[in-house]
Each structure stands twice: as C-alpha cells, then as structure tokens.
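Q: structure-v7.tsv (TSV, C-alpha atoms) pasted underneath:
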chain	number	residue	atom	x	y	z
I	1	MET	CA	0.00	0.00	0.00
I	2	SER	CA	1.70	3.18	-1.09
I	3	ARG	CA	1.02	6.50	0.60
I	4	SER	CA	2.14	9.26	-1.66
I	5	SER	CA	1.23	12.86	-0.95
I	6	SER	CA	-1.51	14.16	-3.13
I	7	THR	CA	0.52	17.08	-4.44
I	8	ASN	CA	4.17	16.96	-5.32
I	9	ILE	CA	6.35	19.48	-3.48
I	10	LEU	CA	7.10	21.12	-6.79
I	11	ASP	CA	3.47	22.04	-7.18
I	12	ARG	CA	2.81	23.51	-3.79
I	13	PRO	CA	2.83	27.29	-3.66
I	14	LEU	CA	5.61	28.91	-1.73
I	15	GLY	CA	3.37	31.45	-0.06
I	16	ARG	CA	4.33	34.70	1.54
I	17	SER	CA	6.89	34.88	4.28
I	18	GLY	CA	6.23	35.45	7.97
I	19	ALA	CA	3.21	36.96	9.59
I	20	ARG	CA	1.40	39.79	7.96
I	21	PRO	CA	-1.38	41.21	10.07
I	22	ASN	CA	-4.69	41.45	8.25
I	23	SER	CA	-3.33	39.31	5.51
I	24	SER	CA	-5.55	36.70	4.02
I	25	SER	CA	-2.67	34.74	2.55
I	26	GLU	CA	-1.42	31.73	4.42
I	27	GLY	CA	1.76	32.99	6.03
I	28	THR	CA	3.39	30.27	8.06
I	29	VAL	CA	4.16	31.41	11.55
I	30	VAL	CA	5.82	29.07	14.00
I	31	SER	CA	5.45	29.56	17.73
I	32	LEU	CA	8.56	30.63	19.62
I	33	SER	CA	8.10	27.85	22.15
I	34	ALA	CA	8.07	25.22	19.41
I	35	PHE	CA	11.31	26.60	18.07
I	36	ALA	CA	12.78	26.81	21.59
I	37	TYR	CA	11.96	23.16	22.30
I	38	ILE	CA	13.37	21.89	19.04
I	39	TYR	CA	16.45	24.05	19.38
I	40	SER	CA	17.04	22.88	22.93
I	41	GLU	CA	16.90	19.28	21.72
I	42	LEU	CA	19.29	20.10	18.87
I	43	VAL	CA	21.81	21.61	21.26
I	44	GLN	CA	21.58	18.64	23.60
I	45	TYR	CA	22.02	16.22	20.70
I	46	HIS	CA	25.20	17.93	19.58
I	47	GLN	CA	26.52	18.40	23.07
I	48	GLY	CA	26.36	14.65	23.59
I	49	ARG	CA	28.46	14.07	20.52
I	50	ALA	CA	30.94	16.91	20.68
I	51	ALA	CA	34.24	16.45	22.47
I	52	SER	CA	35.05	20.10	23.06
I	53	ILE	CA	33.48	23.53	23.19
I	54	SER	CA	34.75	24.55	19.77
I	55	GLU	CA	33.49	21.32	18.25
I	56	LEU	CA	30.03	21.98	19.68
I	57	GLU	CA	30.15	25.47	18.23
I	58	ARG	CA	31.22	24.08	14.86
I	59	ARG	CA	28.41	21.54	14.88
I	60	LEU	CA	25.81	24.20	15.64
I	61	GLU	CA	27.24	26.41	12.91
I	62	SER	CA	27.15	23.65	10.31
I	63	ALA	CA	23.58	22.86	11.35
I	64	GLY	CA	22.68	26.45	10.51
I	65	TYR	CA	24.71	26.54	7.31
I	66	GLY	CA	22.29	24.41	5.31
I	67	VAL	CA	19.42	26.57	6.50
I	68	GLY	CA	21.29	29.67	5.35
I	69	LEU	CA	21.65	28.36	1.80
I	70	LYS	CA	17.94	27.63	1.56
I	71	VAL	CA	16.95	30.92	3.19
I	72	LEU	CA	19.02	32.79	0.62
I	73	GLU	CA	17.23	31.20	-2.33
I	74	MET	CA	13.82	31.44	-0.71
I	75	THR	CA	14.10	35.07	0.36
I	76	ALA	CA	15.46	36.16	-3.01
I	77	TYR	CA	12.69	34.29	-4.82
I	78	ARG	CA	9.96	35.70	-2.60
I	79	ALA	CA	11.23	39.23	-3.07
I	80	LYS	CA	10.38	38.67	-6.73
I	81	GLU	CA	13.09	40.99	-7.95
I	82	THR	CA	15.35	39.37	-10.46
I	83	LYS	CA	18.36	40.92	-8.88
I	84	ARG	CA	21.24	39.31	-7.06
I	85	GLU	CA	23.60	41.05	-4.71
I	86	THR	CA	27.09	41.53	-6.04
I	87	ARG	CA	28.48	44.16	-3.69
I	88	LEU	CA	29.57	43.69	-0.10
I	89	MET	CA	27.41	46.41	1.44
I	90	SER	CA	24.34	45.31	-0.45
I	91	ILE	CA	24.64	41.69	0.63
I	92	LEU	CA	25.10	42.80	4.23
I	93	HIS	CA	22.01	44.98	3.99
I	94	PHE	CA	20.17	42.05	2.46
I	95	VAL	CA	21.16	39.83	5.38
I	96	SER	CA	20.41	42.32	8.11
I	97	SER	CA	17.02	43.31	6.73
I	98	SER	CA	15.39	40.77	4.38
I	99	VAL	CA	16.86	37.61	5.86
I	100	TRP	CA	16.29	38.78	9.42
I	101	LYS	CA	12.71	39.73	8.59
I	102	SER	CA	11.91	36.37	7.06
I	103	LEU	CA	13.54	34.48	9.93
I	104	PHE	CA	12.68	36.57	12.97
I	105	GLY	CA	9.93	38.91	11.84
I	106	LYS	CA	11.94	42.10	12.23
I	107	ALA	CA	15.07	43.64	10.78
I	108	ALA	CA	18.35	43.38	12.67
I	109	ASP	CA	18.94	46.18	15.09
I	110	SER	CA	22.10	47.49	13.58
I	111	LEU	CA	24.89	46.83	11.13
I	112	GLU	CA	28.31	48.24	11.92
I	113	ARG	CA	31.71	48.19	10.38
I	114	SER	CA	34.70	47.53	12.59
I	115	ILE	CA	37.18	50.37	12.88
I	116	ASP	CA	40.24	48.23	13.52
I	117	HIS	CA	39.74	45.75	10.71
I	118	THR	CA	38.29	46.72	7.36
I	119	ASP	CA	37.09	43.22	6.65
I	120	GLU	CA	34.99	42.86	9.79
I	121	PHE	CA	31.37	43.79	10.20
I	122	MET	CA	28.96	43.36	13.08
I	123	ILE	CA	25.26	42.60	12.97
I	124	ILE	CA	23.60	43.33	16.28
I	125	ASP	CA	20.38	41.84	17.57
I	126	TYR	CA	19.01	42.83	20.96
I	127	GLU	CA	16.57	39.93	21.18
I	128	PRO	CA	18.18	36.87	19.64
I	129	ILE	CA	15.62	34.09	19.77
I	130	ALA	CA	18.03	31.19	19.69
I	131	SER	CA	19.61	32.11	23.00
I	132	MET	CA	16.47	33.49	24.59
I	133	PHE	CA	15.81	30.42	26.72
I	134	VAL	CA	19.41	29.29	27.01
I	135	SER	CA	21.74	29.95	29.89
I	136	VAL	CA	25.31	28.91	29.19
I	137	PRO	CA	27.07	27.23	32.15
I	138	ALA	CA	30.41	28.59	33.27
I	139	ASP	CA	32.40	25.60	32.05
I	140	LEU	CA	31.34	26.25	28.49
I	141	GLY	CA	33.02	29.59	28.61
I	142	GLN	CA	32.49	31.84	25.65
I	143	LEU	CA	30.09	29.61	23.77
I	144	SER	CA	27.08	31.45	22.44
I	145	ALA	CA	23.91	29.54	21.70
I	146	ASP	CA	23.49	31.82	18.70
I	147	ALA	CA	26.17	29.79	16.89
I	148	TYR	CA	23.24	28.33	14.95
I	149	VAL	CA	22.25	31.76	13.69
I	150	SER	CA	25.83	32.59	12.80
I	151	GLY	CA	25.81	29.38	10.76
I	152	ILE	CA	22.72	30.65	8.96
I	153	ILE	CA	24.43	33.96	8.18
I	154	ALA	CA	27.54	32.14	6.96
I	155	GLY	CA	25.36	29.98	4.70
I	156	VAL	CA	23.68	33.01	3.18
I	157	LEU	CA	26.96	34.82	2.55
I	158	ASP	CA	28.74	31.75	1.22
I	159	GLY	CA	25.90	30.89	-1.11
I	160	ALA	CA	25.96	34.37	-2.56
I	161	GLY	CA	29.68	34.07	-3.22
I	162	PHE	CA	31.03	36.09	-0.28
I	163	SER	CA	32.81	33.55	1.85
I	164	ALA	CA	33.04	34.71	5.43
I	165	ARG	CA	33.67	33.46	8.91
I	166	VAL	CA	30.80	34.38	11.21
I	167	THR	CA	30.94	34.09	14.97
I	168	ALA	CA	28.37	34.92	17.61
I	169	HIS	CA	29.23	36.85	20.75
I	170	SER	CA	27.18	37.88	23.73
I	171	VAL	CA	27.90	41.41	24.75
I	172	LYS	CA	26.48	43.14	27.77
I	173	VAL	CA	24.01	45.88	26.97
I	174	GLU	CA	25.09	49.29	28.23
I	175	GLU	CA	22.81	51.37	30.39
I	176	GLY	CA	20.39	53.28	28.24
I	177	GLU	CA	21.68	51.78	25.04
I	178	TYR	CA	18.58	49.95	24.12
I	179	THR	CA	15.27	51.73	24.17
I	180	LYS	CA	12.35	49.55	23.28
I	181	GLN	CA	9.83	51.13	21.01
I	182	GLY	CA	6.26	50.43	21.92
I	183	GLY	CA	6.74	48.36	25.04
I	184	ASN	CA	8.45	45.06	25.60
I	185	ALA	CA	9.14	42.99	22.52
I	186	MET	CA	8.39	39.90	24.57
I	187	PRO	CA	5.49	40.56	26.91
I	188	GLY	CA	6.06	39.15	30.34
I	189	MET	CA	9.79	38.67	29.91
I	190	PRO	CA	12.39	40.81	31.68
I	191	PRO	CA	14.61	42.84	29.35
I	192	ARG	CA	17.69	41.01	28.08
I	193	LYS	CA	21.02	41.87	29.65
I	194	ASP	CA	23.08	40.83	26.66
I	195	LYS	CA	22.77	41.51	23.02
I	196	ALA	CA	23.98	39.14	20.36
I	197	VAL	CA	26.73	40.47	18.16
I	198	PHE	CA	27.47	38.51	14.99
I	199	LEU	CA	30.96	39.23	13.84
I	200	VAL	CA	31.35	38.72	10.10
I	201	LYS	CA	34.89	38.44	8.80
I	202	PHE	CA	35.18	38.23	5.04
I	203	SER	CA	37.98	36.39	3.28
I	204	PRO	CA	40.58	38.54	1.52
I	205	GLU	CA	39.59	37.60	-2.02
I	206	VAL	CA	36.06	38.84	-1.39
I	207	LEU	CA	37.38	42.22	-0.32
I	208	SER	CA	39.77	42.51	-3.23
I	209	ARG	CA	36.99	41.60	-5.64
I	210	ASP	CA	34.77	44.22	-4.05
I	211	THR	CA	37.37	46.97	-4.30
I	212	ALA	CA	38.03	45.97	-7.91
I	213	LEU	CA	34.33	46.38	-8.64
I	214	GLU	CA	34.36	49.78	-7.00
I	215	ARG	CA	36.41	51.18	-9.83
X	1	MET	CA	13.19	24.64	-35.48
X	2	SER	CA	14.59	21.18	-35.70
X	3	THR	CA	17.57	21.54	-33.36
X	4	PRO	CA	16.82	20.47	-29.82
X	5	VAL	CA	17.65	22.80	-26.96
X	6	LEU	CA	20.09	21.80	-24.28
X	7	PHE	CA	19.43	22.91	-20.72
X	8	VAL	CA	22.05	22.50	-18.02
X	9	ILE	CA	22.10	23.53	-14.38
X	10	VAL	CA	25.64	24.05	-13.12
X	11	GLY	CA	26.56	24.41	-9.47
X	12	LYS	CA	29.89	25.43	-8.02
X	13	ASN	CA	31.83	22.36	-9.13
X	14	GLU	CA	29.81	20.17	-11.41
X	15	PRO	CA	26.66	20.05	-13.52
X	16	LEU	CA	23.63	19.36	-11.36
X	17	PHE	CA	21.10	18.68	-14.07
X	18	GLU	CA	21.16	18.12	-17.82
X	19	ALA	CA	18.31	17.77	-20.25
X	20	GLU	CA	18.27	17.71	-23.99
X	21	ILE	CA	14.82	18.75	-24.98
X	22	ASP	CA	13.48	18.22	-28.42
X	23	THR	CA	10.59	20.60	-28.55
X	24	HIS	CA	8.93	18.96	-31.49
X	25	SER	CA	8.88	15.32	-30.60
X	26	SER	CA	6.15	13.97	-28.40
X	27	ILE	CA	8.55	11.92	-26.31
X	28	GLY	CA	11.42	13.68	-24.55
X	29	ALA	CA	14.01	11.21	-25.81
X	30	PRO	CA	17.16	12.53	-27.51
X	31	GLY	CA	16.62	12.19	-31.22
X	32	GLN	CA	19.96	13.60	-32.33
X	33	ASN	CA	23.04	11.61	-32.94
X	34	ASP	CA	25.72	11.43	-30.27
X	35	LEU	CA	28.28	13.66	-31.94
X	36	SER	CA	26.25	16.82	-32.03
X	37	THR	CA	25.00	16.19	-28.50
X	38	ARG	CA	28.58	15.99	-27.28
X	39	GLN	CA	29.47	19.13	-29.19
X	40	ASN	CA	26.56	20.93	-27.60
X	41	TYR	CA	27.70	19.98	-24.12
X	42	PHE	CA	31.17	21.18	-24.96
X	43	VAL	CA	29.90	24.54	-26.18
X	44	LEU	CA	27.83	25.01	-23.05
X	45	HIS	CA	30.66	24.18	-20.71
X	46	SER	CA	33.10	26.41	-22.51
X	47	ALA	CA	30.65	29.26	-22.06
X	48	LEU	CA	30.98	28.82	-18.29
X	49	ASP	CA	34.13	30.94	-18.26
X	50	LEU	CA	32.28	33.83	-19.81
X	51	VAL	CA	29.49	33.45	-17.29
X	52	GLU	CA	31.94	33.54	-14.39
X	53	LYS	CA	33.50	36.66	-15.82
X	54	SER	CA	30.27	38.57	-16.06
X	55	ALA	CA	28.72	37.12	-12.90
X	56	PHE	CA	29.82	39.95	-10.66
X	57	THR	CA	29.61	42.81	-13.09
X	58	THR	CA	25.84	42.86	-13.19
X	59	ASN	CA	23.35	42.36	-10.43
X	60	SER	CA	20.46	41.11	-12.51
X	61	MET	CA	19.74	37.39	-12.50
X	62	TYR	CA	19.09	37.03	-16.21
X	63	LEU	CA	22.35	37.36	-18.15
X	64	ARG	CA	20.96	37.20	-21.65
X	65	VAL	CA	23.16	35.69	-24.32
X	66	VAL	CA	26.71	35.15	-23.14
X	67	ASP	CA	28.12	33.28	-26.11
X	68	LYS	CA	27.38	32.71	-29.76
X	69	VAL	CA	28.72	29.67	-31.58
X	70	ASN	CA	27.83	29.07	-35.24
X	71	HIS	CA	24.14	29.76	-35.24
X	72	GLN	CA	23.52	28.72	-31.66
X	73	GLN	CA	23.37	30.95	-28.60
X	74	VAL	CA	23.94	30.30	-24.93
X	75	SER	CA	21.67	32.15	-22.52
X	76	THR	CA	22.24	32.12	-18.80
X	77	PHE	CA	20.29	32.77	-15.64
X	78	LEU	CA	21.98	33.06	-12.26
X	79	THR	CA	20.14	32.37	-9.04
X	80	ALA	CA	20.78	34.20	-5.78
X	81	ALA	CA	23.09	31.42	-4.69
X	82	ASN	CA	25.08	31.59	-7.93
X	83	VAL	CA	23.66	28.41	-9.41
X	84	LYS	CA	23.80	28.76	-13.19
X	85	PHE	CA	20.97	27.78	-15.48
X	86	MET	CA	22.26	27.62	-19.04
X	87	LEU	CA	20.34	27.11	-22.21
X	88	LEU	CA	21.83	26.34	-25.60
X	89	HIS	CA	19.35	27.27	-28.27
X	90	GLY	CA	19.11	28.28	-31.87
X	91	GLY	CA	17.99	31.86	-31.54
X	92	LYS	CA	14.86	31.90	-29.39
X	93	GLY	CA	13.45	35.25	-28.33
X	94	GLU	CA	14.64	36.94	-25.13
X	95	GLU	CA	11.23	37.08	-23.46
X	96	VAL	CA	10.55	33.43	-24.18
X	97	VAL	CA	13.83	32.31	-22.68
X	98	LYS	CA	13.40	34.59	-19.66
X	99	ASN	CA	9.96	33.15	-18.92
X	100	PHE	CA	11.30	29.62	-19.19
X	101	PHE	CA	14.11	30.44	-16.79
X	102	ASN	CA	11.73	32.01	-14.28
X	103	GLU	CA	9.54	28.93	-14.30
X	104	VAL	CA	12.48	26.60	-13.77
X	105	TYR	CA	13.79	28.93	-11.05
X	106	GLY	CA	10.49	28.47	-9.18
X	107	TYR	CA	10.83	24.69	-9.40
X	108	TYR	CA	14.46	24.89	-8.30
X	109	VAL	CA	13.64	26.95	-5.21
X	110	LYS	CA	10.90	24.52	-4.22
X	111	LEU	CA	13.27	21.61	-4.77
X	112	SER	CA	15.93	23.22	-2.60
X	113	MET	CA	13.41	23.55	0.25
X	114	ASN	CA	13.45	19.76	0.48
X	115	PRO	CA	15.55	18.96	3.59
X	116	PHE	CA	16.76	15.83	1.85
X	117	TYR	CA	18.23	17.75	-1.05
X	118	LYS	CA	21.75	18.87	-0.31
X	119	TYR	CA	22.78	22.10	-2.00
X	120	ASP	CA	25.16	21.73	-4.94
X	121	THR	CA	24.47	18.03	-5.48
X	122	PRO	CA	23.08	16.51	-8.68
X	123	ILE	CA	19.32	16.72	-9.02
X	124	THR	CA	17.84	13.27	-9.42
X	125	SER	CA	14.16	14.01	-8.95
X	126	LYS	CA	12.11	12.65	-11.81
X	127	ALA	CA	9.31	15.07	-10.99
X	128	PHE	CA	11.68	17.98	-11.47
X	129	GLU	CA	12.83	16.62	-14.82
X	130	ALA	CA	9.26	16.11	-15.97
X	131	ARG	CA	8.35	19.66	-15.06
X	132	VAL	CA	11.39	21.14	-16.75
X	133	ARG	CA	10.58	19.30	-19.94
X	134	ALA	CA	6.94	20.39	-19.76
X	135	ALA	CA	7.99	24.00	-19.24
X	136	ALA	CA	10.39	23.77	-22.16
X	137	ARG	CA	7.67	22.42	-24.38
X	138	ALA	CA	5.31	25.15	-23.20
X	139	TYR	CA	7.65	28.09	-23.57
X	140	LEU	CA	10.23	27.12	-26.13
X	141	SER	CA	8.33	25.64	-29.00
For this file, write the structure as structure tokens.
A:
Amino acid sequence: MSRSSSTNILDRPLGRSGARPNSSSEGTVVSLSAFAYIYSELVQYHQGRAASISELERRLESAGYGVGLKVLEMTAYRAKETKRETRLMSILHFVSSSVWKSLFGKAADSLERSIDHTDEFMIIDYEPIASMFVSVPADLGQLSADAYVSGIIAGVLDGAGFSARVTAHSVKVEEGEYTKQGGNAMPGMPPRKDKAVFLVKFSPEVLSRDTALER
Amino acid sequence: MSTPVLFVIVGKNEPLFEAEIDTHSSIGAPGQNDLSTRQNYFVLHSALDLVEKSAFTTNSMYLRVVDKVNHQQVSTFLTAANVKFMLLHGGKGEEVVKNFFNEVYGYYVKLSMNPFYKYDTPITSKAFEARVRAAARAYLS
C-alpha cells in the first residue's frame, strides 16, 4: 500500500513569508516555544556528541549553514526581484534586513563596520531568539547559543559568493543603550542583559573583488 | 526549429542537471546523434568561463546571451546562490527564454526547500525533470 502525498512538493505554492497582520494569505508562523523546544533538543544532541566547546560550536554552525543556503534562495525568490547582490554592502544589507525579517519577523537592530579591521562587520540583535531560553554554564566559557544563527548567516553569505567566517558573541548591553519602542518585545519577559553580536569576517579575495568592482 | 535545446544547471563544481529537450517530438528522448550532442555539451561548458567573468559585473539574474557559436546561442540565468541555469538554443526570443528560466527557477527553489536535497548536489528528482521538460515544451516551442 503506497502512501504518496496528493501534491508533489514542486506544485505547492511557496506562499508569503512570515506573519502579515490582516493578511488573508497563508503565512506560516511558528510559535517561539516550538522553536525553543526543538532548538534545545538540537543543542543537547550535539553536546552529547561533541568532544570540546569549539566542536560543539562548529556543529551548531554547520547545522545552521544548510538553512542559510535555503533561506538565501527562498528570500530572493519571494522578493520577486530578479536581482542578485554583487556588492559587499548590499549583501550585508540584504542579510540584516530581508533575511532577518523572514527568519525573525523584524530587521536586525544594527549593522556596523569595525574600525580596527576593514574586513569585519557586526550585525547586532538585541533579542536573539536562539539564546532566549538558554543559559550557558560557566564551564562552556564563551560559547554562544546563537552559533546556529551565525551558521545561517555564513550559509547566506557563502551561497551568494562572499565567503566569510561568522561568529556569535554575547555582549552586555550598556545602560540606556537599548530603548524599546512600543513596550516590551516579549510581553512578560524581563529585558535582556546581553545583546547578540554577529561578527562577520570576510575572506581577503572577497574584499579585493569588491574593491576591484568599485572602480 | 529542428535543433533540440540543451538545458544544463551548473553548481559550483559540477553540472547538477542536464536535459536535452526536443521541442517537437512527443517523447522527450534525444533524437539527435551522439556527436552533435557531445558538441553541444562542450559549447555550453566552454561558455561557463564567460558566465563567471560577467557574474559579478551585473546584479540582474538574467544574463541574456553570453556566447554565440555558429548559429547557436547560450543564454544564462543566475540564481541568488550563484547556481547557473544555461540554455543552448538556436535563436529563441529573449522574453521566451526569460519566462522559461523564471519557471524553472520556481521549481528549483521549491526543490531546494526539500531537507533531503543537499545544496550543490546533482538533481535526481524525476518530478523535477518532468516539469522542466513540460515547461520547455510550453515556452520554447
């Protein structure tokens, strides 16, 4: 007895991304708790198999990498513009706004360029959902649970042809740095003490190609 | 138009999908002899260099005609993840080719959403092949 789905995946419509209020189209929205449960299980799975902190971080990053590749294609297709990003700044803007919107429902809070190194950029998110319900024990040191999201970013950049090394860091929020517009983003939750900073370091050939295109 | 069109999807390292589509025969089987088929593949793959060269100079996905050999032209479409769709054809109109590419792009994105499909690996789905051939017949004949 064969059970094949009635419609092939190639025939199903892709739909619109995220949640649009007052929209009649079927936007798929997943509950945060569902994501938190699955993510917690993912982290535990990898922790059982990893021998060191950096290996755990690498495993989380490679778990996110595949997602990043798919998110890139999906977001570009849904935007319906037949344009790809070829410049460094435009791909970073694409990541911090379009990709963030389709994944988390809002654009990233800021995009900065590092002063010391010209090939480093930082994407800052004050409410990273991956590490929202995670507290990292002291013996895991500097590990950030957002390694999964940095894997996603690396997948998007790599797929578009800008190979980069992306790492996630938890930085303490300064007093008065973060002002929430319109009340708490998460009702009932205390404000976060750390923000997630995703450090993006591009490889040298990407930078040289970008400066060559500048001319 | 008696020459069949050759459609190839090329990833970063290797071709992911190849289809020789004869738009006038009812079955999708290759009707041409082996020699010209091999020549066609060669022409398409040699056009890859030209595609790479112009990949970062323009930010549109559709790259129009990148190479002309004899009376055949190679048109290319680049996805957001730099996967190249290439079509070897005997002078089809721009709009027609662009519509074909857009349709195949939709199928490709849906295929890549499959968690069992690893990016940059050969596409073995028969459903995908059937749809590409149907689209070719619809748009390119």
Q: Report as number ranges by chain the set of chain I residues whose atoms approach chain X to within 10 Å, with distances computed over all atoms listed in the file.
A: I: 8-14, 66-67, 69-78, 81-87, 155-161, 209-210, 213
Q: Store the residues of this selection in a file with C-alpha atoms, as an mmCIF file, in the frame of the given file.
A:
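Below you can see out-v5.cif, which holds the result:
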data_model
loop_
_atom_site.group_PDB
_atom_site.id
_atom_site.type_symbol
_atom_site.label_atom_id
_atom_site.label_comp_id
_atom_site.auth_asym_id
_atom_site.auth_seq_id
_atom_site.Cartn_x
_atom_site.Cartn_y
_atom_site.Cartn_z
ATOM 1 C CA ASN I 8 4.170 16.960 -5.320
ATOM 2 C CA ILE I 9 6.350 19.480 -3.480
ATOM 3 C CA LEU I 10 7.100 21.120 -6.790
ATOM 4 C CA ASP I 11 3.470 22.040 -7.180
ATOM 5 C CA ARG I 12 2.810 23.510 -3.790
ATOM 6 C CA PRO I 13 2.830 27.290 -3.660
ATOM 7 C CA LEU I 14 5.610 28.910 -1.730
ATOM 8 C CA GLY I 66 22.290 24.410 5.310
ATOM 9 C CA VAL I 67 19.420 26.570 6.500
ATOM 10 C CA LEU I 69 21.650 28.360 1.800
ATOM 11 C CA LYS I 70 17.940 27.630 1.560
ATOM 12 C CA VAL I 71 16.950 30.920 3.190
ATOM 13 C CA LEU I 72 19.020 32.790 0.620
ATOM 14 C CA GLU I 73 17.230 31.200 -2.330
ATOM 15 C CA MET I 74 13.820 31.440 -0.710
ATOM 16 C CA THR I 75 14.100 35.070 0.360
ATOM 17 C CA ALA I 76 15.460 36.160 -3.010
ATOM 18 C CA TYR I 77 12.690 34.290 -4.820
ATOM 19 C CA ARG I 78 9.960 35.700 -2.600
ATOM 20 C CA GLU I 81 13.090 40.990 -7.950
ATOM 21 C CA THR I 82 15.350 39.370 -10.460
ATOM 22 C CA LYS I 83 18.360 40.920 -8.880
ATOM 23 C CA ARG I 84 21.240 39.310 -7.060
ATOM 24 C CA GLU I 85 23.600 41.050 -4.710
ATOM 25 C CA THR I 86 27.090 41.530 -6.040
ATOM 26 C CA ARG I 87 28.480 44.160 -3.690
ATOM 27 C CA GLY I 155 25.360 29.980 4.700
ATOM 28 C CA VAL I 156 23.680 33.010 3.180
ATOM 29 C CA LEU I 157 26.960 34.820 2.550
ATOM 30 C CA ASP I 158 28.740 31.750 1.220
ATOM 31 C CA GLY I 159 25.900 30.890 -1.110
ATOM 32 C CA ALA I 160 25.960 34.370 -2.560
ATOM 33 C CA GLY I 161 29.680 34.070 -3.220
ATOM 34 C CA ARG I 209 36.990 41.600 -5.640
ATOM 35 C CA ASP I 210 34.770 44.220 -4.050
ATOM 36 C CA LEU I 213 34.330 46.380 -8.640
#
Q: Excluding Ser144 (chain I) and residues on its chain fewer than 6 positions from it, collect all residues at most 9 Å away from it, counting all atoms listed in the file, and give them as JSON, numbers by chain.
A: {"I": [57, 131, 136, 167, 168, 169, 170, 196]}
Q: Step by step: start from the point (33.7, 34.9, 0.2) in the file's coordinates, keep every protein, DNA or RNA residue that has an atom no farther than 7 Å from it, count all atoms listed in the file, and write the set as JSON, numbers by chain.
A: {"I": [158, 161, 162, 163, 164, 202, 203, 205, 206]}
Q: Please write the residues from the selection above to a file, keeping C-alpha atoms, as a compact mmCIF listing (two decimals), in the frame of the given file.
A:
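File written: selection-v1.txt
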# COMPACT_ATOMS: atom_id res chain seq x y z
CA ASP I 158 28.74 31.75 1.22
CA GLY I 161 29.68 34.07 -3.22
CA PHE I 162 31.03 36.09 -0.28
CA SER I 163 32.81 33.55 1.85
CA ALA I 164 33.04 34.71 5.43
CA PHE I 202 35.18 38.23 5.04
CA SER I 203 37.98 36.39 3.28
CA GLU I 205 39.59 37.60 -2.02
CA VAL I 206 36.06 38.84 -1.39
Q: What is the CA of Ala134 (chain X) to CA of Thr7 (chain I) distance in Å?
A: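 Computed distance, CA of Ala134 (chain X) to CA of Thr7 (chain I), equals 16.9 Å.
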Q: Enclose region 147-153 of chain I, meaning all of its atoms listed in the file, in a box aligned along x, y and z, pad it by 4 Å on each side, and list the centre and edge lengths in Å to one decimal, as AutoDock Vina command-line options.
A:
--center_x 24.2 --center_y 31.1 --center_z 12.5 --size_x 11.9 --size_y 13.6 --size_z 16.7
Q: Give me the residues near region 43-48 of chain X as a list in words, where near means some atom within 8 Å (using all atoms listed in the file) and where sequence neighbours in that chain fewer than 6 positions away do not count.
A: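 Result of the neighbour search: Val66, Asp67, Val69, Val74, Met86, Leu87 and Leu88 of chain X.
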Q: My list of candidates is X:Val104, X:Leu50, X:Arg64, X:Gly11. Which is closest to Lys84 (chain X) when distances are computed with all atoms listed in the file?
A: X:Gly11
Q: Quick check, in Å to one decimal: how far apart do CA of Phe17 (chain X) and CA of Gln72 (chain X) lie?
A: 20.4 Å
Q: What does the distance from CA of Glu127 (chain I) to CA of Ala34 (chain I) come to in Å, to one decimal?
A: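 Computing the Euclidean distance for CA of Glu127 (chain I) and CA of Ala34 (chain I) yields 17.1 Å.
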Q: Starting from the point (16.5, 24.4, -24.2), work out which residues of protein, DNA or RNA have an atom no more than 6 Å away when counting all atoms listed in the file; state them as a PyMOL selection string.
A: chain X and resi 5-7+21+87-89
Q: May I have the residues within 6 Å of Lys201 (chain I) as JSON, numbers by chain, using only C-alpha atoms and disregarding those fewer than 2 positions away in the same chain?
A: {"I": [119, 120, 164, 165]}
Q: Can you list, as number ranges by chain, every protein, DNA or RNA residue that comes within 8 Å of Ala108 (chain I) when you count all atoms listed in the file, leaving out same-chain residues fewer than 6 positions away?
A: I: 96-97, 100-101, 123-125
